[in-house]
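Have a look at start-v8.txt below; it lists compact mmCIF, C-alpha atoms and all ligand atoms.
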# COMPACT_ATOMS: atom_id res chain seq x y z
CA MET F 15 -7.37 -5.32 -14.21
CA THR F 16 -10.67 -4.21 -15.77
CA ILE F 17 -11.63 -2.71 -19.11
CA LEU F 18 -11.51 0.65 -17.33
CA ASP F 19 -7.78 0.43 -16.72
CA TRP F 20 -5.27 2.38 -18.77
CA ILE F 21 -1.56 1.97 -19.02
CA GLU F 22 0.68 5.03 -18.93
CA ASP F 23 3.70 5.18 -21.21
CA ASP F 24 7.00 6.84 -20.28
CA ARG F 25 5.87 10.19 -21.66
CA GLY F 26 2.72 10.12 -19.55
CA ARG F 27 0.29 9.32 -22.35
CA ARG F 28 -2.40 6.75 -21.62
CA TRP F 29 -3.12 3.71 -23.71
CA LYS F 30 -5.35 0.67 -23.63
CA PRO F 31 -3.09 -2.28 -22.78
CA CYS F 32 -2.99 -4.99 -25.43
CA ASP F 33 -4.83 -8.11 -24.22
CA ILE F 34 -3.02 -11.41 -23.82
CA VAL F 35 -4.60 -13.11 -26.83
CA LYS F 36 -3.74 -10.24 -29.16
CA ALA F 37 -0.24 -9.92 -27.69
CA SER F 38 0.42 -13.58 -28.41
CA LYS F 39 -1.05 -13.40 -31.91
CA GLU F 40 0.91 -10.26 -32.86
CA SER F 41 4.21 -11.46 -31.47
CA GLY F 42 3.98 -15.18 -32.24
CA ILE F 43 5.01 -15.87 -28.62
CA ASP F 44 2.98 -18.56 -26.86
CA ARG F 45 0.40 -16.89 -24.65
CA PHE F 46 1.34 -19.01 -21.66
CA LEU F 47 4.93 -17.91 -22.08
CA ILE F 48 4.05 -14.25 -22.38
CA ALA F 49 1.42 -14.44 -19.62
CA PRO F 50 1.93 -17.26 -17.12
CA PRO F 51 -0.83 -17.75 -14.51
CA THR F 52 0.92 -15.31 -12.15
CA HIS F 53 0.25 -12.57 -14.72
CA ARG F 54 -3.43 -13.43 -15.11
CA PRO F 55 -6.35 -12.82 -12.79
CA ASP F 56 -7.36 -15.74 -10.58
CA VAL F 57 -10.10 -17.66 -12.45
CA LEU F 58 -12.36 -18.16 -9.43
CA ARG F 59 -12.07 -14.57 -8.29
CA ALA F 60 -12.82 -13.34 -11.79
CA ALA F 61 -15.74 -15.82 -11.95
CA ALA F 62 -17.14 -14.57 -8.65
CA GLY F 63 -16.80 -10.96 -9.78
CA MET F 64 -18.46 -11.51 -13.15
CA GLY F 65 -21.18 -13.75 -11.63
CA VAL F 66 -22.11 -11.21 -8.93
CA LEU F 67 -22.14 -8.42 -11.51
CA PHE F 68 -24.40 -10.42 -13.81
CA ALA F 69 -26.75 -11.52 -11.01
CA ALA F 70 -26.97 -7.92 -9.78
CA MET F 71 -27.94 -6.83 -13.29
CA MET F 72 -30.35 -9.67 -14.00
CA LEU F 73 -32.31 -9.80 -10.72
CA PRO F 74 -33.97 -6.37 -11.07
CA VAL F 75 -34.61 -7.06 -14.77
CA GLN F 76 -36.18 -10.45 -14.03
CA SER F 77 -38.29 -8.98 -11.19
CA ALA F 78 -39.44 -6.07 -13.35
CA ILE F 79 -40.47 -8.43 -16.16
CA SER F 80 -42.42 -10.70 -13.77
CA TYR F 81 -44.03 -7.70 -12.14
CA LEU F 82 -45.16 -6.30 -15.48
CA GLN F 83 -46.46 -9.68 -16.58
CA SER F 84 -48.21 -10.83 -13.42
CA GLY F 85 -48.05 -8.06 -10.81
CA ASP F 86 -45.67 -10.23 -8.78
CA PRO F 87 -41.96 -9.36 -8.68
CA ALA F 88 -41.22 -13.07 -8.08
CA PHE F 89 -38.22 -12.49 -5.82
CA GLY F 90 -38.34 -16.18 -4.89
CA ILE F 91 -37.68 -17.22 -8.48
CA GLY F 92 -34.94 -14.60 -8.60
CA LEU F 93 -33.21 -16.21 -5.62
CA ILE F 94 -33.38 -19.60 -7.30
CA LEU F 95 -31.89 -18.12 -10.47
CA THR F 96 -29.01 -16.42 -8.64
CA PRO F 97 -26.78 -19.52 -8.38
CA ILE F 98 -27.54 -20.25 -12.04
CA TYR F 99 -26.39 -16.75 -12.96
CA LEU F 100 -23.31 -17.10 -10.76
CA ILE F 101 -22.25 -20.45 -12.18
CA GLY F 102 -23.70 -20.32 -15.68
CA PHE F 103 -22.42 -16.85 -16.44
CA GLY F 104 -19.69 -16.24 -13.85
CA LEU F 105 -17.60 -19.33 -14.56
CA PRO F 106 -17.39 -19.06 -18.36
CA MET F 107 -16.91 -15.29 -18.20
CA GLY F 108 -14.33 -15.63 -15.44
CA TYR F 109 -12.48 -18.14 -17.55
CA LEU F 110 -12.56 -15.88 -20.61
CA VAL F 111 -11.42 -12.90 -18.55
CA SER F 112 -8.51 -14.87 -17.13
CA GLN F 113 -7.48 -15.97 -20.63
CA ARG F 114 -7.45 -12.49 -22.15
CA ASN F 115 -6.77 -10.07 -19.34
CA TRP F 116 -3.70 -9.20 -17.35
CA ARG F 117 -3.70 -9.29 -13.59
CA SER F 118 -2.84 -5.59 -13.57
CA THR F 119 -1.54 -2.94 -15.94
CA ALA F 120 1.88 -3.27 -14.25
CA HIS F 121 1.88 -6.99 -15.08
CA ALA F 122 0.94 -6.16 -18.68
CA ARG F 123 3.65 -3.55 -19.01
CA ASP F 124 6.41 -5.60 -17.43
CA ALA F 125 5.58 -8.76 -19.39
CA MET F 126 5.29 -7.03 -22.74
CA LEU F 127 8.42 -4.90 -22.31
CA GLY F 128 10.16 -8.04 -21.07
CA PHE F 129 9.55 -9.53 -24.52
CA VAL F 130 10.42 -6.17 -26.15
CA LEU F 131 6.86 -5.66 -27.31
CA CYS F 132 4.88 -2.44 -27.20
CA PRO F 133 2.46 -2.87 -24.24
CA SER F 134 -0.19 -0.93 -26.13
CA CYS F 135 -0.24 -2.73 -29.49
CA ALA F 136 2.25 -5.66 -29.16
CA HIS F 137 4.41 -4.43 -32.02
CA GLY F 138 8.04 -5.52 -31.64
CA ILE F 139 10.12 -2.54 -30.50
CA GLY F 140 13.46 -4.28 -30.04
CA ARG F 141 15.52 -2.83 -32.89
CA ILE F 142 14.36 0.75 -32.66
CA PRO F 143 16.96 3.27 -31.47
CA PRO F 144 15.70 5.23 -28.46
CA ALA F 145 14.85 8.93 -28.66
CA PRO F 146 17.07 11.42 -26.73
CA ASP F 147 14.91 11.02 -23.63
CA GLY F 148 15.56 7.26 -23.65
CA CYS F 149 12.11 6.32 -24.89
CA VAL F 150 11.60 3.90 -27.73
CA ILE F 151 8.70 5.15 -29.84
CA CYS F 152 6.46 2.40 -31.15
CA PRO F 153 6.22 2.82 -34.95
CA GLU F 154 2.79 1.21 -34.94
CA CYS F 155 0.86 3.23 -32.37
CA GLY F 156 3.25 5.98 -31.21
CA ALA F 157 3.45 4.98 -27.54
CA ALA F 158 6.82 5.76 -25.87
CA TRP F 159 8.50 3.19 -23.64
CA ARG F 160 11.70 2.82 -21.72
CA ALA F 161 12.76 -0.78 -21.66
CA GLY F 162 12.92 -2.65 -18.38
CA PRO F 163 10.47 -3.13 -15.57
CA THR F 164 8.23 -0.38 -14.27
CA ASP F 165 10.28 2.49 -12.90
CA HIS F 166 8.36 4.94 -10.77
CA SER F 167 11.37 6.98 -9.67
CA ASP F 168 10.68 9.80 -12.14
CA ALA F 169 6.93 9.86 -11.57
ZN ZN I 1 2.56 0.22 -30.13
Now that the file is in, can you turn its structure into structure tokens?
Ligand SMILES: [Zn+2]
Amino acid sequence: MTILDWIEDDRGRRWKPCDIVKASKESGIDRFLIAPPTHRPDVLRAAAGMGVLFAAMMLPVQSAISYLQSGDPAFGIGLILTPIYLIGFGLPMGYLVSQRNWRSTAHARDAMLGFVLCPSCAHGIGRIPPAPDGCVICPECGAAWRAGPTDHSDA
């Protein structure tokens, strides 16, 4: 899951899924209970993704700066810096990503609804009577959810 992902509620409106840290804070449920490792991205894959992204951003910047300063794009130095970018940025960012983010929006939805929390804002929605269409409307953010795991039969 990336920051570009949206989660669709049961009335077809799109919301930003609540991240794991916020979900745990709002609900008081331990974040490893609400999001076990199977619900999180793999740390090393996230690290590789973030590291490559950062290196791809930094190499042209570094070369442009060297070129402006000395007329030499210094690609050699850039190659030496690449593993530093990968490890020095990728690993900590990958770790952070895997602590906060869900593996996918379906994982987010299923886990949060499993604990009777609104997947968009983590407000408890357990004692709210459902609307005629079966959706429970979150009083906090207005998202509409049907309890239970993702059901795509009506999509
Ligand atoms: Zn909500």
_Surrounding residues as a PyMOL selection string, ligand ZN 1 (chain I), max 9 Å, all atoms listed in the file_ = chain F and resi 32+131-139+151-158
*Please indicate the distance in Å from CA of Pro144 (chain F) to CA of Val35 (chain F), rounded to one decimal place.*
27.4 Å
_Point-to-point distance from CA of Pro31 (chain F) to CA of Tyr99 (chain F), Å rounded to tenths_ = 29.1 Å
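As for CA of Leu18 (chain F) and CA of Pro50 (chain F), they are spaced 22.4 Å apart.
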Mind dumping a table of every region 91-146 of chain F residue within 10 Å of region 74-79 of chain F, with the nearest atom pair and its distance in Å to one decimal, using only C-alpha atoms, sorted by chain and rising number, as a Markdown table?
| residue | atom | partner | partner_atom | distance |
| --- | --- | --- | --- | --- |
| F:Ile91 | CA | F:Ser77 | CA | 8.7 |
| F:Gly92 | CA | F:Gln76 | CA | 6.9 |
| F:Leu95 | CA | F:Gln76 | CA | 9.5 |
Produce the centre coordinates and the three edge lengths, each in Å to one decimal, of the box along x, y and z that contains all listed atoms of region 43-52 of chain F with 4 Å added on each side, as AutoDock Vina command-line options.
--center_x 2.1 --center_y -16.6 --center_z -20.4 --size_x 13.8 --size_y 12.8 --size_z 24.5
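Using all atoms listed in the file, the smallest distance between any of F:Arg28, F:Val111, F:Ala161, F:Leu58 and Ala125 (chain F) comes from F:Ala161.
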_Residue neighbourhood Lys36 (chain F), 10 Å, all atoms listed in the file, exclusion window fewer than 3 positions, as a PyMOL selection string_ = chain F and resi 32-33+39-42+45+114+135-136
*Point (-8.1, -10.1, -15.7) neighbourhood (9 Å, all atoms listed in the file) written as a PyMOL selection string*: chain F and resi 15-17+53-57+60+108+110-118
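Shortest atom-to-atom contact with Ala70 (chain F) among F:Gly104, F:Gly26, F:Pro87, F:Pro143: F:Gly104, counting all atoms listed in the file.
Within 9 Å of the point (5.0, -2.9, -20.7) in file coordinates, and counting all atoms listed in the file, lie the residues F:Ile21, F:Asp23, F:Pro31, F:Thr119, F:Ala120, F:His121, F:Ala122, F:Arg123, F:Asp124, F:Ala125, F:Met126, F:Leu127, F:Gly128, F:Phe129, F:Val130, F:Leu131, F:Cys132, F:Pro133, F:Ser134, F:Trp159, F:Arg160, F:Ala161, F:Gly162, F:Pro163, F:Thr164.
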